[in-house]
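> What follows is the file target.cif, containing mmCIF, C-alpha atoms:
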data_input
loop_
_atom_site.label_atom_id
_atom_site.label_comp_id
_atom_site.auth_asym_id
_atom_site.auth_seq_id
_atom_site.Cartn_x
_atom_site.Cartn_y
_atom_site.Cartn_z
CA MET A 1396 -18.26 -4.48 -17.17
CA VAL A 1397 -20.41 -4.76 -20.33
CA PHE A 1398 -19.52 -3.85 -23.91
CA PHE A 1399 -21.25 -0.48 -23.74
CA ASP A 1400 -18.94 0.56 -20.91
CA PHE A 1401 -16.08 0.46 -23.42
CA LEU A 1402 -17.70 2.87 -25.88
CA PRO A 1403 -16.79 6.23 -24.26
CA ILE A 1404 -13.14 5.19 -23.99
CA PHE A 1405 -13.14 3.81 -27.52
CA TRP A 1406 -14.68 6.96 -28.94
CA THR A 1407 -12.06 9.14 -27.23
CA ARG A 1408 -9.29 7.20 -28.92
CA ALA A 1409 -10.93 6.49 -32.27
CA ALA A 1410 -12.74 9.76 -33.04
CA PRO A 1411 -9.69 11.68 -34.39
CA TRP A 1412 -9.08 8.93 -36.96
CA LEU A 1413 -12.74 8.54 -37.87
CA LEU A 1414 -12.90 12.23 -38.73
CA GLN A 1415 -10.12 11.81 -41.26
CA PRO A 1416 -11.68 10.00 -44.26
CA LYS A 1417 -8.36 8.83 -45.75
CA GLN A 1418 -7.22 7.02 -42.67
CA HIS A 1419 -7.11 3.27 -43.07
CA ILE A 1420 -9.58 1.14 -41.21
CA VAL A 1421 -6.63 -0.90 -39.96
CA LYS A 1422 -5.73 1.94 -37.62
CA ILE A 1423 -9.25 1.96 -36.25
CA LEU A 1424 -9.05 -1.78 -35.65
CA ILE A 1425 -5.73 -1.32 -33.86
CA CYS A 1426 -7.35 1.33 -31.70
CA ILE A 1427 -10.15 -1.07 -30.80
CA VAL A 1428 -7.71 -3.83 -29.88
CA LEU A 1429 -5.52 -1.55 -27.76
CA THR A 1430 -8.54 -0.15 -25.98
CA MET A 1431 -9.93 -3.60 -25.23
CA VAL A 1432 -6.55 -4.88 -24.00
CA SER A 1433 -6.05 -1.86 -21.74
CA ILE A 1434 -9.51 -2.11 -20.22
CA THR A 1435 -9.42 -5.89 -19.92
CA THR A 1436 -6.07 -5.74 -18.10
CA SER A 1437 -7.35 -3.13 -15.69
CA PHE A 1438 -10.63 -4.96 -15.23
CA GLY A 1439 -8.78 -8.23 -14.67
CA GLN A 1440 -6.78 -6.70 -11.85
CA ASP A 1441 -9.88 -5.15 -10.29
CA ALA A 1442 -11.68 -8.49 -10.53
CA MET A 1443 -9.12 -9.94 -8.11
CA LEU A 1444 -9.91 -7.34 -5.43
CA CYS A 1445 -12.24 -8.21 -2.56
CA THR A 1446 -13.15 -4.87 -1.03
CA GLY A 1447 -15.46 -3.69 1.71
CA HIS A 1448 -18.59 -5.79 2.15
CA HIS A 1449 -17.53 -8.10 -0.66
CA TRP A 1450 -19.93 -10.82 0.45
CA THR A 1451 -23.20 -10.66 2.33
CA GLU A 1452 -23.31 -12.35 5.71
CA ASP A 1453 -25.24 -15.24 4.14
CA GLU A 1454 -22.68 -15.64 1.36
CA ALA A 1455 -19.81 -15.52 3.83
CA ASN A 1456 -21.40 -18.24 5.94
CA LEU A 1457 -21.53 -20.53 2.92
CA MET A 1458 -18.00 -19.61 1.85
CA MET A 1459 -16.65 -20.54 5.27
CA LYS A 1460 -18.22 -23.98 4.87
CA LYS A 1461 -16.64 -24.26 1.43
CA PHE A 1462 -13.22 -23.29 2.81
CA ALA A 1463 -13.60 -25.87 5.59
CA SER A 1464 -14.31 -28.58 3.02
CA GLU A 1465 -10.95 -27.96 1.35
CA TRP A 1466 -8.87 -29.30 4.27
CA ASN A 1467 -9.37 -32.08 6.78
CA ASP A 1468 -6.06 -32.54 8.59
CA LEU A 1469 -2.89 -30.66 9.45
CA ALA A 1470 -1.13 -31.47 6.18
CA SER A 1471 -4.01 -30.29 3.99
CA TRP A 1472 -4.48 -27.14 6.10
CA GLU A 1473 -0.80 -26.26 5.89
CA GLU A 1474 -0.90 -26.73 2.13
CA ARG A 1475 -3.80 -24.26 2.01
CA ALA A 1476 -2.03 -21.95 4.48
CA ASN A 1477 1.06 -21.82 2.26
CA THR A 1478 -1.12 -20.93 -0.73
CA ILE A 1479 -2.75 -18.09 1.26
CA LYS A 1480 0.63 -16.76 2.43
CA LYS A 1481 1.92 -16.81 -1.12
CA GLY A 1482 -1.19 -14.93 -2.23
CA ILE A 1483 -0.57 -12.23 0.39
CA VAL A 1484 3.11 -11.78 -0.47
CA GLU A 1485 2.57 -11.73 -4.23
CA GLY A 1486 -0.70 -9.79 -4.06
CA MET A 1487 0.85 -6.88 -2.16
CA GLN A 1488 4.09 -7.20 -4.20
CA LEU A 1489 6.10 -7.63 -1.02
CA ASP A 1490 8.65 -9.64 -2.97
CA LYS A 1491 9.48 -6.52 -5.01
CA MET A 1492 10.63 -4.44 -2.06
CA PRO A 1493 14.35 -3.53 -1.87
CA GLU A 1494 16.85 -5.53 0.15
CA ILE A 1495 16.51 -4.85 3.86
CA GLN A 1496 19.09 -2.36 5.08
CA GLU A 1497 20.54 -3.25 8.45
CA ASP A 1498 20.98 0.38 9.49
CA LEU A 1499 17.56 1.73 10.46
CA ASN A 1500 19.00 5.24 11.06
CA VAL A 1501 17.05 5.47 14.31
CA ILE A 1502 16.10 8.93 15.59
CA ILE A 1503 15.00 9.13 19.27
CA ARG A 1504 14.08 12.40 20.93
CA ASN A 1505 12.44 13.98 23.95
CA LYS A 1506 12.41 11.26 26.60
CA GLN A 1507 9.73 11.90 29.24
CA VAL A 1508 9.68 9.88 32.46
CA MET A 1509 6.22 9.00 33.79
CA ASP A 1510 4.74 6.80 36.50
CA GLY A 1511 6.40 3.45 35.83
CA TYR A 1512 7.18 4.07 32.16
CA SER A 1513 8.84 6.53 29.80
CA VAL A 1514 7.83 7.95 26.42
CA GLU A 1515 10.20 8.83 23.59
CA ASN A 1516 9.57 10.14 20.10
CA ILE A 1517 11.06 7.84 17.49
CA ALA A 1518 11.55 7.53 13.74
CA ILE A 1519 13.20 4.70 11.83
CA GLU A 1520 14.12 4.53 8.16
CA SER A 1521 11.87 1.89 6.60
CA PHE A 1522 13.80 2.04 3.32
CA PRO A 1523 16.10 4.79 2.03
CA GLY A 1524 14.23 8.08 2.24
CA PHE A 1525 11.03 6.70 3.84
CA TYR A 1526 10.42 6.95 7.59
CA VAL A 1527 8.17 5.32 10.16
CA THR A 1528 7.18 7.82 12.87
CA GLY A 1529 5.96 6.93 16.33
CA ASN A 1530 6.45 6.77 20.07
CA LEU A 1531 8.40 4.31 22.14
CA TYR A 1532 6.94 3.46 25.56
CA ARG A 1533 9.41 1.73 27.87
CA PRO A 1534 9.16 0.22 31.37
CA MET A 1535 11.09 2.02 34.09
CA GLU A 1536 11.67 -1.20 36.02
CA GLU A 1537 15.15 -2.49 35.23
CA ARG A 1538 15.33 -5.91 33.57
CA ASP A 1539 17.79 -7.66 31.27
CA LYS A 1540 15.05 -8.52 28.79
CA TYR A 1541 11.60 -7.12 28.11
CA ALA A 1542 8.67 -8.25 26.03
CA ALA A 1543 7.81 -6.01 23.07
CA VAL A 1544 4.48 -5.00 21.52
CA LEU A 1545 3.83 -3.35 18.14
CA SER A 1546 0.90 -0.93 18.30
CA PRO A 1547 -0.52 0.08 14.89
CA HIS A 1548 -3.74 2.09 14.71
CA GLY A 1549 -6.83 2.54 12.57
CA HIS A 1550 -8.32 5.35 10.52
CA LEU A 1551 -8.45 8.70 12.26
CA LYS A 1552 -6.39 11.82 11.79
CA ASP A 1553 -3.55 12.01 14.32
CA LYS A 1554 -4.78 8.81 15.99
CA ARG A 1555 -1.35 7.98 17.43
CA PHE A 1556 -1.78 11.00 19.70
CA THR A 1557 -5.24 10.04 21.01
CA HIS A 1558 -5.78 9.17 24.66
CA TYR A 1559 -6.74 5.54 23.95
CA VAL A 1560 -3.55 4.77 21.99
CA GLN A 1561 -1.52 6.41 24.75
CA LEU A 1562 -3.45 4.49 27.41
CA ARG A 1563 -2.90 1.01 26.01
CA SER A 1564 0.73 1.73 25.15
CA ALA A 1565 1.53 3.15 28.59
CA VAL A 1566 -0.26 0.40 30.51
CA LEU A 1567 1.51 -2.35 28.55
CA ALA A 1568 4.80 -0.55 29.17
CA LYS A 1569 4.18 -0.40 32.92
CA MET A 1570 3.33 -4.12 32.75
CA GLY A 1571 6.82 -4.74 31.35
CA ALA A 1572 6.72 -4.42 27.56
CA ILE A 1573 8.54 -2.05 25.23
CA VAL A 1574 5.74 -0.68 23.04
CA PHE A 1575 6.20 0.96 19.63
CA ALA A 1576 3.08 2.95 18.63
CA TYR A 1577 3.44 4.05 15.01
CA ASP A 1578 1.55 6.03 12.37
CA MET A 1579 -0.45 4.67 9.49
CA VAL A 1580 0.95 5.93 6.19
CA GLY A 1581 -0.60 9.30 5.41
CA TYR A 1582 -1.63 9.89 9.02
CA GLY A 1583 0.02 11.65 11.96
CA GLU A 1584 3.58 12.49 10.94
CA SER A 1585 3.69 9.94 8.12
CA THR A 1586 2.97 12.57 5.48
CA GLN A 1587 5.42 11.55 2.77
CA VAL A 1588 2.55 9.88 0.89
CA ASN A 1589 -1.23 10.05 0.81
CA HIS A 1590 -3.07 7.34 2.70
CA LYS A 1591 -5.18 6.42 -0.33
CA MET A 1592 -2.15 5.73 -2.54
CA PRO A 1593 -2.34 2.44 -4.51
CA ILE A 1594 0.33 0.59 -2.49
CA ALA A 1595 -0.72 1.71 1.00
CA LEU A 1596 -1.22 -1.92 2.07
CA LEU A 1597 2.31 -2.79 0.97
CA LEU A 1598 3.88 0.21 2.71
CA GLN A 1599 2.03 -0.40 5.97
CA THR A 1600 2.98 -4.07 6.05
CA TRP A 1601 6.59 -3.24 5.23
CA ASN A 1602 6.64 -0.54 7.92
CA SER A 1603 5.36 -3.06 10.46
CA MET A 1604 8.12 -5.47 9.46
CA ARG A 1605 10.69 -2.72 9.95
CA VAL A 1606 9.27 -1.78 13.35
CA LEU A 1607 9.63 -5.45 14.24
CA ASP A 1608 13.19 -5.42 12.89
CA TYR A 1609 13.98 -2.47 15.14
CA LEU A 1610 12.49 -4.02 18.27
CA LEU A 1611 14.34 -7.29 17.69
CA SER A 1612 17.59 -5.40 17.11
CA ARG A 1613 17.43 -4.11 20.67
CA PRO A 1614 19.54 -6.17 23.09
CA ASP A 1615 16.89 -5.65 25.81
CA VAL A 1616 14.05 -7.29 23.82
CA ASP A 1617 13.25 -10.99 24.25
CA PRO A 1618 12.57 -12.33 20.71
CA GLU A 1619 10.32 -15.04 22.11
CA ARG A 1620 7.96 -12.49 23.68
CA VAL A 1621 6.85 -10.18 20.88
CA GLY A 1622 3.21 -9.22 20.32
CA ILE A 1623 1.10 -6.93 18.17
CA THR A 1624 -2.32 -5.36 18.62
CA GLY A 1625 -4.45 -2.75 16.89
CA ALA A 1626 -8.11 -2.08 16.20
CA SER A 1627 -10.03 -1.63 12.95
CA GLY A 1628 -7.39 -0.81 10.30
CA GLY A 1629 -4.82 -1.49 13.00
CA GLY A 1630 -6.44 -4.90 13.39
CA THR A 1631 -5.84 -5.52 9.69
CA GLN A 1632 -2.19 -4.58 10.12
CA THR A 1633 -2.07 -6.94 13.10
CA PHE A 1634 -3.29 -10.07 11.37
CA MET A 1635 -1.54 -9.33 8.07
CA LEU A 1636 1.88 -9.10 9.71
CA THR A 1637 1.25 -12.09 11.98
CA ALA A 1638 0.20 -14.20 9.00
CA ILE A 1639 3.46 -13.74 7.12
CA ASP A 1640 6.01 -13.15 9.88
CA ASP A 1641 6.56 -15.89 12.46
CA ARG A 1642 8.62 -13.53 14.60
CA ILE A 1643 5.31 -12.26 15.99
CA LYS A 1644 4.52 -14.61 18.88
CA VAL A 1645 1.21 -13.20 20.16
CA ALA A 1646 -1.49 -11.25 18.28
CA ALA A 1647 -4.70 -9.44 19.23
CA PRO A 1648 -6.58 -7.98 16.23
CA VAL A 1649 -9.50 -5.96 17.58
CA VAL A 1650 -12.92 -5.42 15.89
CA GLN A 1651 -11.76 -6.37 12.41
CA VAL A 1652 -11.66 -10.12 11.69
CA SER A 1653 -14.77 -10.75 9.61
CA ALA A 1654 -15.90 -13.42 7.17
CA HIS A 1655 -17.82 -11.01 4.93
CA PHE A 1656 -16.01 -7.67 5.37
CA PHE A 1657 -12.60 -7.34 3.75
CA GLY A 1658 -11.69 -3.85 4.93
CA GLY A 1659 -13.13 -0.66 3.56
CA CYS A 1660 -9.89 1.15 2.70
CA VAL A 1661 -7.25 0.79 0.00
CA CYS A 1662 -4.74 0.09 2.81
CA GLU A 1663 -6.66 -3.09 3.67
CA SER A 1664 -8.10 -4.43 0.44
CA GLY A 1665 -6.70 -2.25 -2.35
CA MET A 1666 -4.25 -4.91 -3.49
CA PRO A 1667 -5.21 -8.49 -4.50
CA VAL A 1668 -4.21 -10.35 -1.33
CA HIS A 1669 -7.47 -12.27 -0.90
CA LYS A 1670 -7.85 -13.67 -4.39
CA SER A 1671 -5.73 -14.85 -7.30
CA ASN A 1672 -6.07 -17.32 -10.13
CA ALA A 1673 -4.94 -19.97 -7.64
CA HIS A 1674 -6.94 -19.15 -4.52
CA GLN A 1675 -9.77 -17.36 -2.73
CA THR A 1676 -9.65 -16.55 0.98
CA ASN A 1677 -10.81 -13.96 3.49
CA ASN A 1678 -9.59 -12.29 6.67
CA VAL A 1679 -10.72 -15.19 8.86
CA GLU A 1680 -8.28 -17.55 7.20
CA ILE A 1681 -5.56 -14.90 7.21
CA ALA A 1682 -6.05 -14.53 10.97
CA ALA A 1683 -5.98 -18.32 11.32
CA LEU A 1684 -2.46 -18.33 9.88
CA SER A 1685 -1.41 -17.24 13.38
CA ALA A 1686 -1.85 -20.85 14.56
CA PRO A 1687 -0.52 -22.22 16.82
CA ARG A 1688 0.68 -18.87 18.26
CA PRO A 1689 -1.64 -17.22 20.82
CA LEU A 1690 -4.42 -15.21 19.14
CA LEU A 1691 -7.14 -13.04 20.68
CA LEU A 1692 -10.13 -11.99 18.56
CA VAL A 1693 -12.06 -9.10 20.09
CA SER A 1694 -15.49 -8.49 18.56
CA ASN A 1695 -18.63 -6.48 19.22
CA GLY A 1696 -22.32 -6.34 18.36
CA ASP A 1697 -22.39 -3.22 16.22
CA ASP A 1698 -20.08 -3.84 13.27
CA TRP A 1699 -18.91 -6.57 10.89
CA THR A 1700 -17.61 -8.66 13.81
CA ARG A 1701 -21.07 -9.26 15.28
CA ASN A 1702 -21.06 -12.88 14.04
CA THR A 1703 -17.62 -13.76 15.40
CA PRO A 1704 -18.80 -16.21 18.13
CA ARG A 1705 -20.85 -18.16 15.56
CA ILE A 1706 -18.91 -17.90 12.28
CA GLU A 1707 -15.35 -16.62 12.50
CA TYR A 1708 -14.23 -17.97 15.88
CA PRO A 1709 -15.40 -21.59 15.36
CA TYR A 1710 -13.48 -21.75 12.09
CA VAL A 1711 -10.28 -20.46 13.69
CA GLN A 1712 -10.76 -22.88 16.59
CA LYS A 1713 -10.81 -25.81 14.15
CA VAL A 1714 -7.49 -24.68 12.72
CA TYR A 1715 -5.96 -24.40 16.17
CA ALA A 1716 -7.27 -27.87 17.05
CA LEU A 1717 -5.06 -29.30 14.30
CA TYR A 1718 -2.07 -28.14 16.37
CA ASP A 1719 -3.62 -29.21 19.70
CA ALA A 1720 -3.58 -25.50 20.56
CA GLU A 1721 -7.25 -24.77 21.24
CA HIS A 1722 -6.27 -23.10 24.52
CA LYS A 1723 -4.18 -20.52 22.66
CA VAL A 1724 -7.02 -18.87 20.75
CA GLU A 1725 -9.71 -16.80 22.46
CA ASN A 1726 -12.67 -14.64 21.54
CA VAL A 1727 -13.89 -11.81 23.74
CA HIS A 1728 -17.28 -10.80 22.32
CA LEU A 1729 -18.95 -7.63 23.57
CA PRO A 1730 -22.46 -7.63 22.05
CA LEU A 1731 -23.50 -4.32 23.61
CA GLU A 1732 -20.43 -2.42 22.43
CA ARG A 1733 -19.41 -0.65 19.24
CA HIS A 1734 -16.44 -0.31 16.89
CA ASP A 1735 -13.55 0.96 19.01
CA TYR A 1736 -10.63 -0.05 21.23
CA GLY A 1737 -12.37 1.07 24.41
CA TYR A 1738 -11.68 0.22 28.02
CA SER A 1739 -13.22 -3.28 28.12
CA LYS A 1740 -11.37 -4.25 24.94
CA ARG A 1741 -8.10 -2.91 26.32
CA ALA A 1742 -8.68 -4.82 29.57
CA ALA A 1743 -9.09 -8.04 27.60
CA ALA A 1744 -5.83 -7.32 25.78
CA TYR A 1745 -4.02 -6.61 29.08
CA ASN A 1746 -5.12 -10.01 30.39
CA PHE A 1747 -4.14 -11.80 27.20
CA PHE A 1748 -0.72 -10.21 26.76
CA GLY A 1749 -0.04 -10.44 30.47
CA HIS A 1750 -0.50 -14.20 30.32
CA HIS A 1751 1.20 -15.00 27.03
CA LEU A 1752 4.04 -12.47 27.23
CA GLY A 1753 4.73 -13.04 30.91
CA LEU A 1754 3.97 -9.48 32.00
CA LYS A 1755 3.14 -8.31 35.48
CA ASP A 1756 -0.36 -7.10 36.34
CA PRO A 1757 -1.15 -3.41 35.91
CA PRO A 1758 -2.80 -1.51 38.78
CA PHE A 1759 -6.10 -3.20 39.64
CA ASN A 1760 -8.95 -2.69 42.13
CA ASP A 1761 -12.63 -3.62 42.50
CA SER A 1762 -13.47 -1.48 39.46
CA GLY A 1763 -11.01 -3.29 37.22
CA TYR A 1764 -7.73 -2.31 35.62
CA GLN A 1765 -6.62 1.19 36.49
CA GLU A 1766 -5.37 3.50 33.76
CA ASP A 1767 -5.51 6.79 35.66
CA PHE A 1768 -1.75 6.76 36.27
CA VAL A 1769 -1.22 7.48 32.56
CA LYS A 1770 -0.48 11.09 31.70
CA ILE A 1771 -2.06 11.98 28.36
CA LEU A 1772 0.41 14.11 26.45
CA PRO A 1773 -0.49 16.74 23.83
CA ALA A 1774 0.35 15.91 20.22
CA GLY A 1775 3.13 18.49 20.08
CA GLU A 1776 5.08 16.63 22.75
CA LEU A 1777 4.79 13.33 20.91
CA LYS A 1778 6.02 14.46 17.50
CA VAL A 1779 9.44 13.43 16.22
CA PHE A 1780 9.80 16.30 13.78
CA ASP A 1781 9.18 20.02 14.25
CA LYS A 1782 10.78 23.33 13.26
CA ASN A 1783 13.70 22.67 15.58
CA ASN A 1784 14.05 19.04 14.50
CA PRO A 1785 13.54 18.92 10.73
CA ARG A 1786 13.04 15.81 8.67
CA PRO A 1787 16.11 14.13 7.12
CA ASP A 1788 17.49 15.58 3.89
CA ASN A 1789 17.04 12.34 1.91
CA LEU A 1790 13.25 12.36 2.30
CA LEU A 1791 11.22 10.91 -0.58
CA GLN A 1792 8.18 13.16 -0.90
CA GLY A 1793 4.98 12.28 -2.71
CA ASP A 1794 3.26 9.11 -3.93
CA GLY A 1795 5.03 9.27 -7.28
CA ALA A 1796 8.50 9.67 -5.81
CA VAL A 1797 8.04 6.69 -3.48
CA MET A 1798 6.55 4.43 -6.14
CA GLN A 1799 9.22 5.43 -8.64
CA TYR A 1800 11.97 4.66 -6.14
CA LEU A 1801 10.46 1.23 -5.45
CA GLY A 1802 9.79 0.55 -9.12
CA ILE A 1803 6.23 -0.53 -8.31
CA ASN A 1804 3.23 0.61 -10.35
#
Please, can you express the file's structure as structure tokens?


Amino acid sequence: MVFFDFLPIFWTRAAPWLLQPKQHIVKILICIVLTMVSITTSFGQDAMLCTGHHWTEDEANLMMKKFASEWNDLASWEERANTIKKGIVEGMQLDKMPEIQEDLNVIIRNKQVMDGYSVENIAIESFPGFYVTGNLYRPMEERDKYAAVLSPHGHLKDKRFTHYVQLRSAVLAKMGAIVFAYDMVGYGESTQVNHKMPIALLLQTWNSMRVLDYLLSRPDVDPERVGITGASGGGTQTFMLTAIDDRIKVAAPVVQVSAHFFGGCVCESGMPVHKSNAHQTNNVEIAALSAPRPLLLVSNGDDWTRNTPRIEYPYVQKVYALYDAEHKVENVHLPLERHDYGYSKRAAAYNFFGHHLGLKDPPFNDSGYQEDFVKILPAGELKVFDKNNPRPDNLLQGDGAVMQYLGIN
């Protein structure tokens, strides 16, 4: 921002005084100072944001080499890792969230029994007056303990209800995992706030933590077998939660881990989690914070993950090597495919979670994994709330109401 960018704002504030000849010049000087302070503060915050294609591919390649030069053993990496984690927590103001309430006020409705799994509509109270909405897919096979998988999604209206979210959730459930597929804020039934609100990244991360709290509160969930997977914006939610919460044991962010792309939405890069006065990082290093827990990077040839086999994956491998855990990180690269969580990407996830979460194999034949046993349900049958099942009375409604309750600007 150059000096001339300040002039329209300055004129708006100063003009009324300038038109009054007896006003003291001191007031005008005060106006200038206040204007500069206000703009500088705002500009300073914006300067810490790394959004969208923040670097070119060439710049990102060089930055990855710079990052690699800043650690050379496990101790120096973990020092850097702690700095990155601190940057995430402070950057998204996670430390300002209210104390966690033990009672999640769980609402479960409309259980439907399918071929080897069931589907229920579920809502949990993330914090007083704010609800996470989703679907719970459960195995029909009786066991004392099940694995669990969190299933966030990316940017598309009503995406929780799409066939591909239902497919991966149902297949993983039939394999033996309790799966919680939940809405992005501002999407599906999560309409208490707009998706583009300033603290969307904070709310989504907090919601994921609360979904994890719920799953781990269930006596039938094995806390040592908990995974998370999502694509695109759901991939961001996957590696963000895994980076800061060791309760996630296995992670598969799909088509999102990139050295040069930081996420194109406010829910991914609208808060200063990648940069502060003390550090600079990117999503590759945030994904690497998963080490030494099993991590699957799924990439393709048509988006910002096209360089993963050459740039992102080798860096993450070096981190895993520090823990002697090279065998726990994988990259499935599909150069002829595009930005989605399509069949081949889901099949890779089934293999990965099956191995690391101890799940049984889904139906399989010469054509590959079979998903045709899954019944795709219409959106109306997957919704928690409707005219016969209204939302709770304590609902916080609107961006302002939520931010005011949290005391976060």

> Using the chain letters and numbers from the file, give me the residues hit by the PyMOL selection byres ((chain A and resi 1641) around 12), as a ChimeraX atom specification.

/A:1480,1604,1607,1618-1623,1634-1640,1642-1646,1684-1689

> Given all atoms listed in the file, how would the per-residue table for region 1679-1757 of chain A near region 1651-1669 of chain A read, listing every residue at most 12 Å away with its closest atom pair and distance in Å to one decimal, sorted by chain and number, as a tab-separated table?


residue	atom	partner	partner_atom	distance
A:Val1679	CA	A:Ala1654	CA	5.7
A:Glu1680	CA	A:Ala1654	CA	8.7
A:Ile1681	CA	A:His1669	CA	8.7
A:Ala1682	CA	A:Val1652	CA	7.2
A:Ala1683	CA	A:Val1652	CA	10.0
A:Leu1690	CA	A:Val1652	CA	11.6
A:Leu1691	CA	A:Val1652	CA	10.5
A:Leu1692	CA	A:Val1652	CA	7.3
A:Val1693	CA	A:Gln1651	CA	8.2
A:Ser1694	CA	A:Gln1651	CA	7.5
A:Asn1695	CA	A:Gln1651	CA	9.7
A:Asp1697	CA	A:Gln1651	CA	11.7
A:Asp1698	CA	A:Gln1651	CA	8.7
A:Trp1699	CA	A:Ser1653	CA	6.0
A:Thr1700	CA	A:Ser1653	CA	5.5
A:Arg1701	CA	A:Ser1653	CA	8.6
A:Asn1702	CA	A:Ser1653	CA	8.0
A:Thr1703	CA	A:Ser1653	CA	7.1
A:Pro1704	CA	A:Ser1653	CA	10.9
A:Arg1705	CA	A:Ala1654	CA	10.8
A:Ile1706	CA	A:Ala1654	CA	7.4
A:Glu1707	CA	A:Ala1654	CA	6.2
A:Tyr1708	CA	A:Val1652	CA	9.3
A:Pro1709	CA	A:Ala1654	CA	11.6
A:Tyr1710	CA	A:Ala1654	CA	10.0
A:Val1711	CA	A:Val1652	CA	10.6
A:Asn1726	CA	A:Val1652	CA	10.9
A:Arg1733	CA	A:Gln1651	CA	11.7
A:His1734	CA	A:Gln1651	CA	8.9
A:Asp1735	CA	A:Gln1651	CA	10.0
A:Tyr1736	CA	A:Gln1651	CA	10.9

> Would you put the residues from that selection into a file with C-alpha atoms, as a compact mmCIF listing (two decimals), in the frame of the given file?


# COMPACT_ATOMS: atom_id res chain seq x y z
CA VAL A 1679 -10.72 -15.19 8.86
CA GLU A 1680 -8.28 -17.55 7.20
CA ILE A 1681 -5.56 -14.90 7.21
CA ALA A 1682 -6.05 -14.53 10.97
CA ALA A 1683 -5.98 -18.32 11.32
CA LEU A 1690 -4.42 -15.21 19.14
CA LEU A 1691 -7.14 -13.04 20.68
CA LEU A 1692 -10.13 -11.99 18.56
CA VAL A 1693 -12.06 -9.10 20.09
CA SER A 1694 -15.49 -8.49 18.56
CA ASN A 1695 -18.63 -6.48 19.22
CA ASP A 1697 -22.39 -3.22 16.22
CA ASP A 1698 -20.08 -3.84 13.27
CA TRP A 1699 -18.91 -6.57 10.89
CA THR A 1700 -17.61 -8.66 13.81
CA ARG A 1701 -21.07 -9.26 15.28
CA ASN A 1702 -21.06 -12.88 14.04
CA THR A 1703 -17.62 -13.76 15.40
CA PRO A 1704 -18.80 -16.21 18.13
CA ARG A 1705 -20.85 -18.16 15.56
CA ILE A 1706 -18.91 -17.90 12.28
CA GLU A 1707 -15.35 -16.62 12.50
CA TYR A 1708 -14.23 -17.97 15.88
CA PRO A 1709 -15.40 -21.59 15.36
CA TYR A 1710 -13.48 -21.75 12.09
CA VAL A 1711 -10.28 -20.46 13.69
CA ASN A 1726 -12.67 -14.64 21.54
CA ARG A 1733 -19.41 -0.65 19.24
CA HIS A 1734 -16.44 -0.31 16.89
CA ASP A 1735 -13.55 0.96 19.01
CA TYR A 1736 -10.63 -0.05 21.23

> Can you spell out as a CSV table (one decimal) with C-alpha atoms, keeping the file's coordinate frame the set of residues that the PyMOL selection byres ((chain A and resi 1581-1587) around 9) selects in the structure I just provided?


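What landed in part-v8.csv:
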chain,number,residue,atom,x,y,z
A,1525,PHE,CA,11.0,6.7,3.8
A,1526,TYR,CA,10.4,7.0,7.6
A,1527,VAL,CA,8.2,5.3,10.2
A,1528,THR,CA,7.2,7.8,12.9
A,1529,GLY,CA,6.0,6.9,16.3
A,1550,HIS,CA,-8.3,5.4,10.5
A,1551,LEU,CA,-8.4,8.7,12.3
A,1552,LYS,CA,-6.4,11.8,11.8
A,1553,ASP,CA,-3.6,12.0,14.3
A,1554,LYS,CA,-4.8,8.8,16.0
A,1555,ARG,CA,-1.4,8.0,17.4
A,1556,PHE,CA,-1.8,11.0,19.7
A,1577,TYR,CA,3.4,4.0,15.0
A,1578,ASP,CA,1.6,6.0,12.4
A,1579,MET,CA,-0.4,4.7,9.5
A,1580,VAL,CA,1.0,5.9,6.2
A,1588,VAL,CA,2.6,9.9,0.9
A,1589,ASN,CA,-1.2,10.0,0.8
A,1590,HIS,CA,-3.1,7.3,2.7
A,1591,LYS,CA,-5.2,6.4,-0.3
A,1592,MET,CA,-2.2,5.7,-2.5
A,1595,ALA,CA,-0.7,1.7,1.0
A,1778,LYS,CA,6.0,14.5,17.5
A,1779,VAL,CA,9.4,13.4,16.2
A,1780,PHE,CA,9.8,16.3,13.8
A,1790,LEU,CA,13.2,12.4,2.3
A,1791,LEU,CA,11.2,10.9,-0.6
A,1792,GLN,CA,8.2,13.2,-0.9
A,1793,GLY,CA,5.0,12.3,-2.7
A,1794,ASP,CA,3.3,9.1,-3.9
A,1797,VAL,CA,8.0,6.7,-3.5

> Record the distance separating CA of Tyr1541 (chain A) and CA of His1751 (chain A), expressed in Å with one decimal.

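Value for the CA of Tyr1541 (chain A)-CA of His1751 (chain A) distance: 13.1 Å.
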
> Measuring atom to atom with only C-alpha atoms, identify which of A:Ala1565, A:Ala1470, A:Ala1518, A:Leu1610 is nearest to Leu1717 (chain A).

A:Ala1470

> Go ahead and find all residues with at least one atom no further than 9 Å from (4.2, -1.2, -8.1) in the file's coordinates, using only C-alpha atoms; report them as a VMD selection string.

chain A and resid 1487 to 1488 1491 1593 to 1594 1798 to 1799 1801 to 1804

> For C-alpha atoms, I'd like the residues from the last selection saved as an mmCIF file, keeping the file's coordinate frame.


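The result, stored in again_34.cif:
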data_model
loop_
_atom_site.group_PDB
_atom_site.id
_atom_site.type_symbol
_atom_site.label_atom_id
_atom_site.label_comp_id
_atom_site.auth_asym_id
_atom_site.auth_seq_id
_atom_site.Cartn_x
_atom_site.Cartn_y
_atom_site.Cartn_z
ATOM 1 C CA MET A 1487 0.850 -6.880 -2.160
ATOM 2 C CA GLN A 1488 4.090 -7.200 -4.200
ATOM 3 C CA LYS A 1491 9.480 -6.520 -5.010
ATOM 4 C CA PRO A 1593 -2.340 2.440 -4.510
ATOM 5 C CA ILE A 1594 0.330 0.590 -2.490
ATOM 6 C CA MET A 1798 6.550 4.430 -6.140
ATOM 7 C CA GLN A 1799 9.220 5.430 -8.640
ATOM 8 C CA LEU A 1801 10.460 1.230 -5.450
ATOM 9 C CA GLY A 1802 9.790 0.550 -9.120
ATOM 10 C CA ILE A 1803 6.230 -0.530 -8.310
ATOM 11 C CA ASN A 1804 3.230 0.610 -10.350
#
